[in-house]
Each structure stands twice: as C-alpha cells, then as structure tokens.
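S.K.: After the structure tokens below, expect a handful of questions from me.
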Amino acid sequence: MARKSKKKTKPAGPGFLRRLRRRILRAVLAVVALVFLWILAYSVLPVPGTFYMVAEGNRQGASVDYQWTPMDRISPNLARAVVAAEDANFCNHWGFDLAAIRSAISAGGQRGASTISQQTVKNTFLWHGRSWPRKALEAMITPVVELTWSKTRILEVYLNIAEFDTGVFGVEAASRHYFGVGPEEISLRQAAQLAAVLPAPKDRNAGAPGPFVRRRAAQIMDGAATIARDGRSSCFEH
C-alpha cells in the first residue's frame with residue numbers, strides 16, 4: 001500500500017506578514033484611542049473607582065469608604081496642604097519635576113520624586129507597585145493628562161482618590177473618618193495632619209497623630225503658607 005506523502009507547510013509569505021503587521025498596528029491604535037477617550041472622560045466625569053480600590057476591597061473582604069466630592073466643596077486648606085506636602089512646584093511643572101528628579105538621583109534614589117500629576121495617573125489608571133512597565137505607562141500618560149486636564153482638575157481627582165487610611169479614599173471619607181466633618185469644614189491644622197499621612201496612610205494616623213505626624217504637620221502648615229504667599233498655589237485657587 002502506497003504511503004501518503006505529507007503536505008509540506010508553506011512558509012509565511014510577505015503578504016501574510018504585512019497583514020499581520022497591519023492587524024497588530026490596528027490593535028495597538030485601538031488600545032491607544034480607548035485610553036485617550038478614557039483620559040478625556042475623566043477630565044470632566046467623577047472617577048467611580050480605581051483598580052487599587054478594588055484590590056483593597058478584595059483584600060479586606062469589605063467595601064472601601066469612598067465618595068466623590070467636587071473641588072468647590074473641598075476646603076482650600078486641604079488643597080494647599082496636600083500640594084505643600086506632596087508637590088510644592090505643582091503649578092510650575094508640566095507633569096515632571098526635573099529638579100526633584102535630579103535631587104532624588106543625587107540622593108541615590110532614597111527619596112521619591114513623583115509629582116501629584118504622576119501620582120494621579122498611577123492611582124487613576126494604573127496599578128500600585130514598583131515595576132518598569134507601570135513606570136513607563138505612567139511616563140507616557142502623564143503628559144497627556146497635563147495637556148487635556150486643568151491643574152485644578154488634576155488636584156481635584158488626586159484629592160478624591162488618594163488613600164488616607166486602610167480602605168479610606170478621598171478627602172470626603174477621610175475628613176469624616178478622622179474628624180467627623182465634611183471636607184469643606186477642615187481647618188488648616190487638620191488639613192496638614194491629613195496631608196502628613198499620605199506617604200504612609202496605613203502606618204500614620206491623622207486623627208490621633210504621633211510625634212512624627214505632628215512635626216510633619218507643622219512643616220506642612222508653614223509650606224502651605226509659603227506657596228500661598230509666593231503664588232505657587234495660583235493654578236488651583238481662583
């Protein structure tokens with residue numbers, strides 16, 4: 001009985017490779033377009049939640065404490081304190097503080113140099129954790145956010161989605177959690193204490209501050225007065 005010969009697989013021709021490249025390019029462009037539309041949508045719409053909030057809710061087995069609050073219901077004390085604590089040059093940069101980056105490099109990378117714009121991008125669109133893919137995406141998205149959002153909007157989103165205690169997100173939840181008042185009623189000292197916990201919200205307490213938080217809050221109060229005096233809060237205060 002004659003053995004059937006196996007058909008040889010033809011190598012992919014140039015036509016197939018061109019079609020594959022076109023499909024990949026279209027897919028990449030579609031993803032880029034969707035991300036751009038996502039960024040534009042959040043330039044006007046309240047942020048309903050973030051990936052990190054979902055992760056925290058799953059980790060705790062409970063819902064997180066979060067409620068969107070527009071900027072006109074947030075005390076200027078809070079806005080100034082957070083900017084003074086996290087990014088004093090917020091009004092003067094385009095998303096990246098090059099002077100802070102150079103200082104961080106000189107210090108051997110022992111301190112961070114992320115701006116409020118970068119932190120807003122990370123908290124809103126990406127995930128937490130140190131990884132090169134996340135940092136690369138953050139670096140690409142931050143200039144787009146700076147171009148399409150106002151400085152006031154960037155700060156508004158940051159104030160609403162930053163974590164202030166385990167599972168407590170945004171100044172509405174944080175103000176009521178720690179002080180029993182709304183964010184429009186927060187005093188300068190209370191605002192400074194809230195800003196002091198931002199780098200380590202799970203380890204610091206704004207309502208019952210220890211010695212470090214009290215010292216840091218005093219520094220933030222001085223910084224808030226300084227940026228108000230020298231005009232570095234002008235981009236978000238009208």
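Every chain in the structure tokens takes a letter, A first, then B, and so on in the order presented; its residues are numbered from 1, and the ligands are numbered from 1 following the presented order.
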Among the residues of stretch 2-228 of chain A, find those DSSP assigns to helix (DSSP H, G or I) from the backbone and print them as a VMD selection string.

M.R.: chain A and resid 14 to 42 51 to 60 71 to 73 76 to 86 90 to 92 98 to 106 116 to 125 132 to 148 151 to 161 170 to 179 183 to 185 188 to 197 211 to 228

S.K.: Find the residues near A:Phe125: any atom within 8 Å, counting only C-alpha atoms, skip ones fewer than 4 places away on the same chain, and give them as a ChimeraX atom specification.

M.R.: /A:50-51,121

S.K.: One decimal, Å: what's the distance from atom CA of A:Phe36 over to atom CA of A:Gln119, could you say?

M.R.: 18.0 Å

S.K.: For each of A:Thr166, A:Ser234, A:Asn160, A:Asn205, take the minimum atom-to-atom distance to A:Arg73, counting only C-alpha atoms, then give the residue where this is smallest.

M.R.: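 Between A:Thr166, A:Ser234, A:Asn160, A:Asn205, the residue approaching A:Arg73 most closely is A:Asn160.
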
S.K.: When you look at A:Gly95 with a cut-off of 12 Å (counting only C-alpha atoms), what residues show up, excluding the ones that are within fewer than 2 positions of it in the same chain? I need them as a PyMOL selection string.

M.R.: chain A and resi 87+89-93+97-98+100-101+113-121+138-151+154-155

S.K.: Considering only C-alpha atoms, state which residue in the set A:Phe212, A:Phe164, A:Tyr42, A:Phe16 is at the smallest distance from A:Val64.

M.R.: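 The shortest atom-to-atom distance to A:Val64 comes from A:Phe164.
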
S.K.: To one decimal in Å, tell me the separation between atom CA of A:Pro48 and atom CA of A:Ala88.

M.R.: 27.6 Å

S.K.: Identify, on the basis of only C-alpha atoms, every residue whose closest approach to A:Ile186 does not exceed 10 Å; exclude the query and any residue fewer than 4 positions from it along the same chain; express the result as an MDAnalysis selection string.

M.R.: chainID A and resid 74:78 171 175:176 179:182 190:192 194

S.K.: Kindly save the residues from that selection, with N, CA, C and O atoms included, as a tab-separated table (two decimals), in the first residue's frame.

M.R.:
```tsv
chain	number	residue	atom	x	y	z
A	74	ILE	N	-14.36	71.37	48.67
A	74	ILE	CA	-13.14	70.99	49.39
A	74	ILE	C	-12.46	72.26	49.89
A	74	ILE	O	-12.24	73.19	49.13
A	75	SER	N	-12.15	72.29	51.16
A	75	SER	CA	-11.53	73.47	51.75
A	75	SER	C	-10.20	73.80	51.06
A	75	SER	O	-9.40	72.90	50.79
A	76	PRO	N	-9.96	75.08	50.78
A	76	PRO	CA	-8.66	75.47	50.25
A	76	PRO	C	-7.51	75.06	51.16
A	76	PRO	O	-6.39	74.86	50.69
A	77	ASN	N	-7.80	74.92	52.46
A	77	ASN	CA	-6.77	74.45	53.39
A	77	ASN	C	-6.24	73.09	52.97
A	77	ASN	O	-5.04	72.82	53.03
A	78	LEU	N	-7.17	72.21	52.55
A	78	LEU	CA	-6.77	70.86	52.13
A	78	LEU	C	-5.96	70.89	50.86
A	78	LEU	O	-4.93	70.21	50.75
A	171	VAL	N	-10.81	62.86	50.26
A	171	VAL	CA	-10.92	63.79	51.39
A	171	VAL	C	-12.31	63.76	52.03
A	171	VAL	O	-12.43	64.10	53.22
A	175	SER	N	-12.05	63.10	55.91
A	175	SER	CA	-12.47	64.17	56.83
A	175	SER	C	-13.49	63.65	57.85
A	175	SER	O	-13.41	63.96	59.04
A	176	ARG	N	-14.42	62.85	57.37
A	176	ARG	CA	-15.45	62.32	58.28
A	176	ARG	C	-14.88	61.20	59.15
A	176	ARG	O	-15.24	61.07	60.32
A	179	PHE	N	-12.21	63.29	61.58
A	179	PHE	CA	-12.61	64.50	62.32
A	179	PHE	C	-14.12	64.70	62.43
A	179	PHE	O	-14.57	65.62	63.11
A	180	GLY	N	-14.90	63.86	61.76
A	180	GLY	CA	-16.35	63.96	61.88
A	180	GLY	C	-16.97	65.17	61.20
A	180	GLY	O	-18.07	65.58	61.56
A	181	VAL	N	-16.25	65.75	60.23
A	181	VAL	CA	-16.77	66.90	59.50
A	181	VAL	C	-16.56	66.67	58.00
A	181	VAL	O	-15.80	65.79	57.60
A	182	GLY	N	-17.23	67.47	57.19
A	182	GLY	CA	-17.04	67.39	55.76
A	182	GLY	C	-15.76	68.07	55.32
A	182	GLY	O	-15.18	68.87	56.09
A	190	GLN	N	-5.94	70.48	60.71
A	190	GLN	CA	-6.49	69.18	60.31
A	190	GLN	C	-6.07	68.82	58.90
A	190	GLN	O	-5.73	67.66	58.61
A	191	ALA	N	-6.07	69.81	58.00
A	191	ALA	CA	-5.64	69.57	56.62
A	191	ALA	C	-4.17	69.13	56.58
A	191	ALA	O	-3.80	68.21	55.83
A	192	ALA	N	-3.35	69.78	57.38
A	192	ALA	CA	-1.92	69.43	57.42
A	192	ALA	C	-1.73	68.03	57.97
A	192	ALA	O	-0.86	67.28	57.50
A	194	LEU	N	-3.89	65.55	57.71
A	194	LEU	CA	-4.30	64.63	56.64
A	194	LEU	C	-3.20	64.51	55.59
A	194	LEU	O	-2.89	63.40	55.13
```

S.K.: Smallest atom-to-atom distance to A:Pro201: which of A:Leu40, A:Ala30, A:Ala162, A:Val35, using only C-alpha atoms?

M.R.: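 Answer, going by the shortest atom-to-atom distance: A:Ala162.
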
S.K.: Just want the 10 Å neighbourhood of A:Val157, counted on only C-alpha atoms, with same-chain residues fewer than 6 positions away dropped. Output as a list in words.

M.R.: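 The neighbour list is Tyr42, Ser43, Leu45, Pro46, Val47, Trp68, Thr69, Pro70, Met71, Ser117, Thr120, Val121, Asn123, Thr124 and Gly170 of chain A.
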
S.K.: Write the residues of the selection above to a file with N, CA, C and O atoms, as a PDB file, in the first residue's frame.

M.R.:
```pdb
ATOM      1  N   TYR A  42     -12.445  61.248  32.020  1.00  0.00           N
ATOM      2  CA  TYR A  42     -12.156  61.596  33.410  1.00  0.00           C
ATOM      3  C   TYR A  42     -11.737  63.055  33.588  1.00  0.00           C
ATOM      4  O   TYR A  42     -11.570  63.517  34.710  1.00  0.00           O
ATOM      5  N   SER A  43     -11.581  63.776  32.494  1.00  0.00           N
ATOM      6  CA  SER A  43     -11.306  65.206  32.624  1.00  0.00           C
ATOM      7  C   SER A  43     -12.550  65.975  33.047  1.00  0.00           C
ATOM      8  O   SER A  43     -12.451  67.126  33.500  1.00  0.00           O
ATOM      9  N   LEU A  45     -15.761  63.841  34.144  1.00  0.00           N
ATOM     10  CA  LEU A  45     -16.646  62.961  34.902  1.00  0.00           C
ATOM     11  C   LEU A  45     -16.020  62.549  36.231  1.00  0.00           C
ATOM     12  O   LEU A  45     -14.800  62.391  36.320  1.00  0.00           O
ATOM     13  N   PRO A  46     -16.830  62.370  37.272  1.00  0.00           N
ATOM     14  CA  PRO A  46     -16.291  61.838  38.530  1.00  0.00           C
ATOM     15  C   PRO A  46     -15.678  60.458  38.316  1.00  0.00           C
ATOM     16  O   PRO A  46     -16.198  59.657  37.543  1.00  0.00           O
ATOM     17  N   VAL A  47     -14.593  60.190  39.002  1.00  0.00           N
ATOM     18  CA  VAL A  47     -13.948  58.874  38.915  1.00  0.00           C
ATOM     19  C   VAL A  47     -14.740  57.902  39.786  1.00  0.00           C
ATOM     20  O   VAL A  47     -14.836  58.109  41.003  1.00  0.00           O
ATOM     21  N   TRP A  68     -17.109  60.630  45.897  1.00  0.00           N
ATOM     22  CA  TRP A  68     -16.582  61.741  45.098  1.00  0.00           C
ATOM     23  C   TRP A  68     -17.110  63.070  45.626  1.00  0.00           C
ATOM     24  O   TRP A  68     -18.295  63.208  45.944  1.00  0.00           O
ATOM     25  N   THR A  69     -16.212  64.066  45.708  1.00  0.00           N
ATOM     26  CA  THR A  69     -16.583  65.409  46.152  1.00  0.00           C
ATOM     27  C   THR A  69     -15.988  66.432  45.191  1.00  0.00           C
ATOM     28  O   THR A  69     -14.780  66.421  44.953  1.00  0.00           O
ATOM     29  N   PRO A  70     -16.801  67.333  44.624  1.00  0.00           N
ATOM     30  CA  PRO A  70     -16.255  68.340  43.710  1.00  0.00           C
ATOM     31  C   PRO A  70     -15.344  69.330  44.432  1.00  0.00           C
ATOM     32  O   PRO A  70     -15.440  69.528  45.640  1.00  0.00           O
ATOM     33  N   MET A  71     -14.474  69.955  43.658  1.00  0.00           N
ATOM     34  CA  MET A  71     -13.464  70.847  44.215  1.00  0.00           C
ATOM     35  C   MET A  71     -14.072  72.009  44.993  1.00  0.00           C
ATOM     36  O   MET A  71     -13.503  72.457  45.994  1.00  0.00           O
ATOM     37  N   SER A 117       0.788  65.052  39.632  1.00  0.00           N
ATOM     38  CA  SER A 117       0.292  64.596  38.328  1.00  0.00           C
ATOM     39  C   SER A 117       0.605  63.124  38.107  1.00  0.00           C
ATOM     40  O   SER A 117      -0.262  62.344  37.670  1.00  0.00           O
ATOM     41  N   THR A 120      -1.478  60.988  40.418  1.00  0.00           N
ATOM     42  CA  THR A 120      -2.862  60.933  39.954  1.00  0.00           C
ATOM     43  C   THR A 120      -3.015  59.923  38.824  1.00  0.00           C
ATOM     44  O   THR A 120      -3.977  59.144  38.794  1.00  0.00           O
ATOM     45  N   VAL A 121      -2.071  59.932  37.894  1.00  0.00           N
ATOM     46  CA  VAL A 121      -2.102  58.966  36.786  1.00  0.00           C
ATOM     47  C   VAL A 121      -1.997  57.541  37.329  1.00  0.00           C
ATOM     48  O   VAL A 121      -2.774  56.650  36.935  1.00  0.00           O
ATOM     49  N   ASN A 123      -2.691  56.377  40.375  1.00  0.00           N
ATOM     50  CA  ASN A 123      -3.850  55.998  41.178  1.00  0.00           C
ATOM     51  C   ASN A 123      -5.113  55.831  40.336  1.00  0.00           C
ATOM     52  O   ASN A 123      -5.965  55.002  40.653  1.00  0.00           O
ATOM     53  N   THR A 124      -5.236  56.607  39.260  1.00  0.00           N
ATOM     54  CA  THR A 124      -6.465  56.599  38.472  1.00  0.00           C
ATOM     55  C   THR A 124      -6.476  55.506  37.411  1.00  0.00           C
ATOM     56  O   THR A 124      -7.487  54.805  37.241  1.00  0.00           O
ATOM     57  N   GLY A 170      -9.998  59.389  49.557  1.00  0.00           N
ATOM     58  CA  GLY A 170     -10.521  60.703  49.257  1.00  0.00           C
ATOM     59  C   GLY A 170     -10.782  61.549  50.486  1.00  0.00           C
ATOM     60  O   GLY A 170     -10.947  61.043  51.602  1.00  0.00           O
TER      61      GLY A 170
END
```

S.K.: Would you give me, as a count of residues only, the residues in chain A that DSSP reads as strand (DSSP E)?

M.R.: 7
